[in-house]
$ cat target_36.pdb   # PDB, C-alpha atoms, pLDDT in the B column
ATOM      1  CA  MET A   1     -42.662  -9.369  46.166  1.00 60.00           C
ATOM      2  CA  PHE A   2     -39.118 -10.626  46.647  1.00 63.00           C
ATOM      3  CA  LYS A   3     -36.635 -10.343  43.822  1.00 61.00           C
ATOM      4  CA  PRO A   4     -34.058 -13.199  43.945  1.00 65.00           C
ATOM      5  CA  SER A   5     -31.389 -11.493  41.843  1.00 63.00           C
ATOM      6  CA  PRO A   6     -29.471  -8.368  42.819  1.00 62.00           C
ATOM      7  CA  ASN A   7     -30.166  -5.151  40.970  1.00 64.00           C
ATOM      8  CA  PRO A   8     -27.953  -4.550  38.972  1.00 61.00           C
ATOM      9  CA  PRO A   9     -26.656  -8.068  38.646  1.00 57.00           C
ATOM     10  CA  GLY A  10     -23.169  -8.637  39.996  1.00 58.00           C
ATOM     11  CA  SER A  11     -20.380  -9.139  37.550  1.00 58.00           C
ATOM     12  CA  ASP A  12     -17.578 -11.630  37.628  1.00 56.00           C
ATOM     13  CA  PRO A  13     -14.275  -9.727  38.044  1.00 55.00           C
ATOM     14  CA  ALA A  14     -12.491 -12.339  35.916  1.00 55.00           C
ATOM     15  CA  SER A  15     -14.729 -11.805  32.897  1.00 53.00           C
ATOM     16  CA  PRO A  16     -13.343  -9.488  30.201  1.00 52.00           C
ATOM     17  CA  SER A  17     -16.638  -7.615  29.901  1.00 52.00           C
ATOM     18  CA  ALA A  18     -16.427  -6.450  33.510  1.00 50.00           C
ATOM     19  CA  ASN A  19     -13.644  -4.007  32.779  1.00 51.00           C
ATOM     20  CA  PRO A  20     -13.760  -2.510  29.271  1.00 52.00           C
ATOM     21  CA  GLU A  21     -10.062  -1.631  29.354  1.00 52.00           C
ATOM     22  CA  SER A  22      -9.005  -5.155  30.212  1.00 50.00           C
ATOM     23  CA  ASN A  23     -10.513  -6.857  27.157  1.00 51.00           C
ATOM     24  CA  ASN A  24      -7.443  -6.206  24.994  1.00 49.00           C
ATOM     25  CA  SER A  25      -4.854  -6.986  27.645  1.00 53.00           C
ATOM     26  CA  CYS A  26      -6.097 -10.503  28.457  1.00 60.00           C
ATOM     27  CA  ASP A  27      -4.689 -12.118  25.348  1.00 66.00           C
ATOM     28  CA  PRO A  28      -1.624 -10.453  23.774  1.00 64.00           C
ATOM     29  CA  SER A  29      -2.375 -12.012  20.385  1.00 69.00           C
ATOM     30  CA  ARG A  30      -5.756 -10.235  20.295  1.00 79.00           C
ATOM     31  CA  ARG A  31      -4.385  -6.859  21.423  1.00 81.00           C
ATOM     32  CA  ILE A  32      -4.277  -4.113  18.789  1.00 86.00           C
ATOM     33  CA  PRO A  33      -0.629  -3.053  18.343  1.00 81.00           C
ATOM     34  CA  SER A  34       0.245   0.551  19.072  1.00 85.00           C
ATOM     35  CA  THR A  35       2.270   2.785  16.767  1.00 86.00           C
ATOM     36  CA  ALA A  36       5.294   2.272  19.013  1.00 86.00           C
ATOM     37  CA  ASP A  37       4.872  -1.517  18.711  1.00 83.00           C
ATOM     38  CA  ILE A  38       4.717  -1.288  14.927  1.00 82.00           C
ATOM     39  CA  ARG A  39       7.788   0.959  14.707  1.00 84.00           C
ATOM     40  CA  ALA A  40       9.746  -1.248  17.114  1.00 85.00           C
ATOM     41  CA  THR A  41       9.096  -4.378  15.044  1.00 84.00           C
ATOM     42  CA  PRO A  42      12.227  -5.242  13.054  1.00 85.00           C
ATOM     43  CA  ARG A  43      11.626  -5.265   9.317  1.00 81.00           C
ATOM     44  CA  LYS A  44      13.391  -7.422   6.787  1.00 79.00           C
ATOM     45  CA  LEU A  45      13.400  -6.968   3.043  1.00 73.00           C
ATOM     46  CA  CYS A  46      11.185  -9.234   1.017  1.00 75.00           C
ATOM     47  CA  THR A  47      13.320 -11.043  -1.528  1.00 76.00           C
ATOM     48  CA  MET A  48      10.412 -12.253  -3.631  1.00 78.00           C
ATOM     49  CA  PHE A  49      10.755  -9.293  -5.994  1.00 80.00           C
ATOM     50  CA  PHE A  50      13.924  -7.249  -6.054  1.00 82.00           C
ATOM     51  CA  VAL A  51      16.031  -5.309  -8.518  1.00 82.00           C
ATOM     52  CA  ASN A  52      19.502  -6.640  -9.111  1.00 85.00           C
ATOM     53  CA  PRO A  53      21.797  -4.167  -7.308  1.00 85.00           C
ATOM     54  CA  GLU A  54      24.545  -4.762  -9.877  1.00 91.00           C
ATOM     55  CA  LEU A  55      22.522  -3.376 -12.809  1.00 92.00           C
ATOM     56  CA  ASP A  56      23.815  -0.136 -14.253  1.00 92.00           C
ATOM     57  CA  THR A  57      21.717   3.037 -14.294  1.00 92.00           C
ATOM     58  CA  GLU A  58      21.168   2.975 -18.052  1.00 92.00           C
ATOM     59  CA  THR A  59      19.671  -0.524 -17.937  1.00 93.00           C
ATOM     60  CA  LEU A  60      17.399   0.411 -15.043  1.00 93.00           C
ATOM     61  CA  LEU A  61      16.178   3.539 -16.815  1.00 94.00           C
ATOM     62  CA  ALA A  62      15.612   1.659 -20.072  1.00 93.00           C
ATOM     63  CA  HIS A  63      13.516  -0.942 -18.253  1.00 94.00           C
ATOM     64  CA  ALA A  64      11.569   1.791 -16.429  1.00 95.00           C
ATOM     65  CA  CYS A  65      10.898   3.526 -19.744  1.00 94.00           C
ATOM     66  CA  GLU A  66       9.594   0.304 -21.305  1.00 95.00           C
ATOM     67  CA  SER A  67       7.417  -0.422 -18.270  1.00 95.00           C
ATOM     68  CA  LEU A  68       5.921   3.072 -18.344  1.00 96.00           C
ATOM     69  CA  ALA A  69       5.276   2.792 -22.098  1.00 95.00           C
ATOM     70  CA  SER A  70       3.471  -0.519 -21.543  1.00 96.00           C
ATOM     71  CA  ALA A  71       1.416   0.944 -18.698  1.00 97.00           C
ATOM     72  CA  ASN A  72       0.485   3.879 -20.932  1.00 96.00           C
ATOM     73  CA  VAL A  73      -0.701   1.571 -23.724  1.00 96.00           C
ATOM     74  CA  MET A  74      -2.752  -0.523 -21.289  1.00 97.00           C
ATOM     75  CA  THR A  75      -4.323   2.575 -19.727  1.00 97.00           C
ATOM     76  CA  MET A  76      -5.195   4.082 -23.111  1.00 96.00           C
ATOM     77  CA  ASP A  77      -6.676   0.751 -24.255  1.00 97.00           C
ATOM     78  CA  LEU A  78      -8.856   0.614 -21.154  1.00 96.00           C
ATOM     79  CA  ALA A  79      -9.848   4.278 -21.581  1.00 95.00           C
ATOM     80  CA  ASP A  80     -10.991   3.502 -25.146  1.00 95.00           C
ATOM     81  CA  ARG A  81     -13.454   0.948 -23.757  1.00 95.00           C
ATOM     82  CA  THR A  82     -14.719   3.165 -20.922  1.00 94.00           C
ATOM     83  CA  GLU A  83     -17.134   6.101 -20.823  1.00 94.00           C
ATOM     84  CA  GLY A  84     -17.854   8.977 -18.494  1.00 93.00           C
ATOM     85  CA  THR A  85     -15.794  10.074 -15.515  1.00 94.00           C
ATOM     86  CA  SER A  86     -13.914   6.772 -15.396  1.00 94.00           C
ATOM     87  CA  ARG A  87     -12.606   7.475 -18.897  1.00 95.00           C
ATOM     88  CA  ASN A  88     -11.438  10.926 -17.821  1.00 95.00           C
ATOM     89  CA  THR A  89      -9.674   9.416 -14.827  1.00 96.00           C
ATOM     90  CA  LEU A  90      -7.917   6.844 -17.003  1.00 96.00           C
ATOM     91  CA  LEU A  91      -6.841   9.534 -19.454  1.00 96.00           C
ATOM     92  CA  GLY A  92      -5.414  11.521 -16.529  1.00 96.00           C
ATOM     93  CA  ILE A  93      -3.506   8.458 -15.320  1.00 96.00           C
ATOM     94  CA  ALA A  94      -2.193   7.905 -18.854  1.00 96.00           C
ATOM     95  CA  GLN A  95      -0.968  11.494 -18.933  1.00 96.00           C
ATOM     96  CA  VAL A  96       0.891  11.066 -15.624  1.00 97.00           C
ATOM     97  CA  ILE A  97       2.472   7.851 -16.948  1.00 96.00           C
ATOM     98  CA  LEU A  98       3.533   9.667 -20.115  1.00 95.00           C
ATOM     99  CA  LEU A  99       5.128  12.461 -18.062  1.00 96.00           C
ATOM    100  CA  GLY A 100       7.081   9.824 -16.108  1.00 96.00           C
ATOM    101  CA  GLU A 101       8.175   8.223 -19.364  1.00 95.00           C
ATOM    102  CA  LEU A 102       9.361  11.596 -20.684  1.00 95.00           C
ATOM    103  CA  ALA A 103      11.396  12.182 -17.513  1.00 95.00           C
ATOM    104  CA  VAL A 104      13.029   8.749 -17.793  1.00 94.00           C
ATOM    105  CA  ASN A 105      13.803   9.372 -21.465  1.00 93.00           C
ATOM    106  CA  ARG A 106      15.437  12.698 -20.569  1.00 94.00           C
ATOM    107  CA  ALA A 107      17.596  10.926 -17.975  1.00 94.00           C
ATOM    108  CA  LEU A 108      18.579   8.328 -20.588  1.00 92.00           C
ATOM    109  CA  TYR A 109      19.562  11.107 -23.029  1.00 92.00           C
ATOM    110  CA  ARG A 110      21.748  12.684 -20.349  1.00 93.00           C
ATOM    111  CA  ILE A 111      23.528   9.371 -19.733  1.00 90.00           C
ATOM    112  CA  ASP A 112      23.966   8.477 -23.397  1.00 86.00           C
ATOM    113  CA  PRO A 113      23.159  11.411 -25.731  1.00 86.00           C
ATOM    114  CA  PRO A 114      21.999  10.445 -29.224  1.00 79.00           C
ATOM    115  CA  GLU A 115      24.417  11.208 -32.050  1.00 79.00           C
TER     116      GLU A 115
END

$ encode --input "target_36.pdb" --output "structure tokens"
Amino acid sequence: MFKPSPNPPGSDPASPSANPESNNSCDPSRRIPSTADIRATPRKLCTMFFVNPELDTETLLAHACESLASANVMTMDLADRTEGTSRNTLLGIAQVILLGELAVNRALYRIDPPE
């Protein structure tokens, strides 16, 4: 019996599946960037959210303290409505937030000690 097709079938050298290493190099937009490519890409700052560089340290620390206090209240509120290991995790997060708030308060006291 005659078999009309070659065994194994021939492959088209222009097809990307013929050479597994060539499938990424055919189209540069589909190529996965290397670490060197990522590091060489120039970065620019996003101006959507930024902190005013002219603000003084005391104002920045006061805002950070208020933000941490708000995050602590939200975390504790969520922990009150949660049970099990998720509650323990939220209580741990609240404790870390409180430690950050204490550190910011200490920095504020160093800048402007209470009388």

$ closest_residue --input "target_36.pdb" --among "A:Thr85, A:Ser70, A:Thr57, A:Thr41" --to "Asp112 of chain A" --atoms "only C-alpha atoms"
A:Thr57

$ resolve_selection --input "target_36.pdb" --expression "the PyMOL selection byres ((chain A and resi 61) around 10)" --output "number ranges by chain"
A: 56-60, 62-67, 101, 103-108, 111

$ write_last_selection --input "target_36.pdb" --atoms "C-alpha atoms" --output "short mmCIF file (atom, residue, chain, number, x, y, z; two decimals), in the frame of the given file"
data_model
loop_
_atom_site.label_atom_id
_atom_site.label_comp_id
_atom_site.auth_asym_id
_atom_site.auth_seq_id
_atom_site.Cartn_x
_atom_site.Cartn_y
_atom_site.Cartn_z
CA ASP A 56 23.82 -0.14 -14.25
CA THR A 57 21.72 3.04 -14.29
CA GLU A 58 21.17 2.98 -18.05
CA THR A 59 19.67 -0.52 -17.94
CA LEU A 60 17.40 0.41 -15.04
CA ALA A 62 15.61 1.66 -20.07
CA HIS A 63 13.52 -0.94 -18.25
CA ALA A 64 11.57 1.79 -16.43
CA CYS A 65 10.90 3.53 -19.74
CA GLU A 66 9.59 0.30 -21.30
CA SER A 67 7.42 -0.42 -18.27
CA GLU A 101 8.18 8.22 -19.36
CA ALA A 103 11.40 12.18 -17.51
CA VAL A 104 13.03 8.75 -17.79
CA ASN A 105 13.80 9.37 -21.46
CA ARG A 106 15.44 12.70 -20.57
CA ALA A 107 17.60 10.93 -17.98
CA LEU A 108 18.58 8.33 -20.59
CA ILE A 111 23.53 9.37 -19.73
#

$ atom_distance --input "target_36.pdb" --atom1 "atom CA of Leu102 of chain A" --atom2 "atom CA of Leu90 of chain A"
18.3 Å

$ closest_residue --input "target_36.pdb" --among "A:Leu45, A:Arg81, A:Ala71, A:Asn52" --to "Ile93 of chain A" --atoms "all atoms listed in the file"
A:Ala71

$ atom_distance --input "target_36.pdb" --atom1 "atom CA of Val51 of chain A" --atom2 "atom CA of Leu91 of chain A"
29.4 Å

$ atom_distance --input "target_36.pdb" --atom1 "atom CA of Asp80 of chain A" --atom2 "atom CA of Leu68 of chain A"
18.2 Å

$ closest_residue --input "target_36.pdb" --among "A:Leu55, A:Ile32, A:Ala94, A:Cys46" --to "Asp77 of chain A" --atoms "only C-alpha atoms"
A:Ala94

$ closest_residue --input "target_36.pdb" --among "A:Gly84, A:Met48, A:Leu98, A:Thr89" --to "Asn72 of chain A" --atoms "only C-alpha atoms"
A:Leu98

$ axis_aligned_box --input "target_36.pdb" --around "segment 44-53 of chain A" --padding-each-side "5 Å" --output "JSON"
{"center_x": 16.1, "center_y": -8.2, "center_z": -1.2, "size_x": 21.4, "size_y": 18.1, "size_z": 25.9}
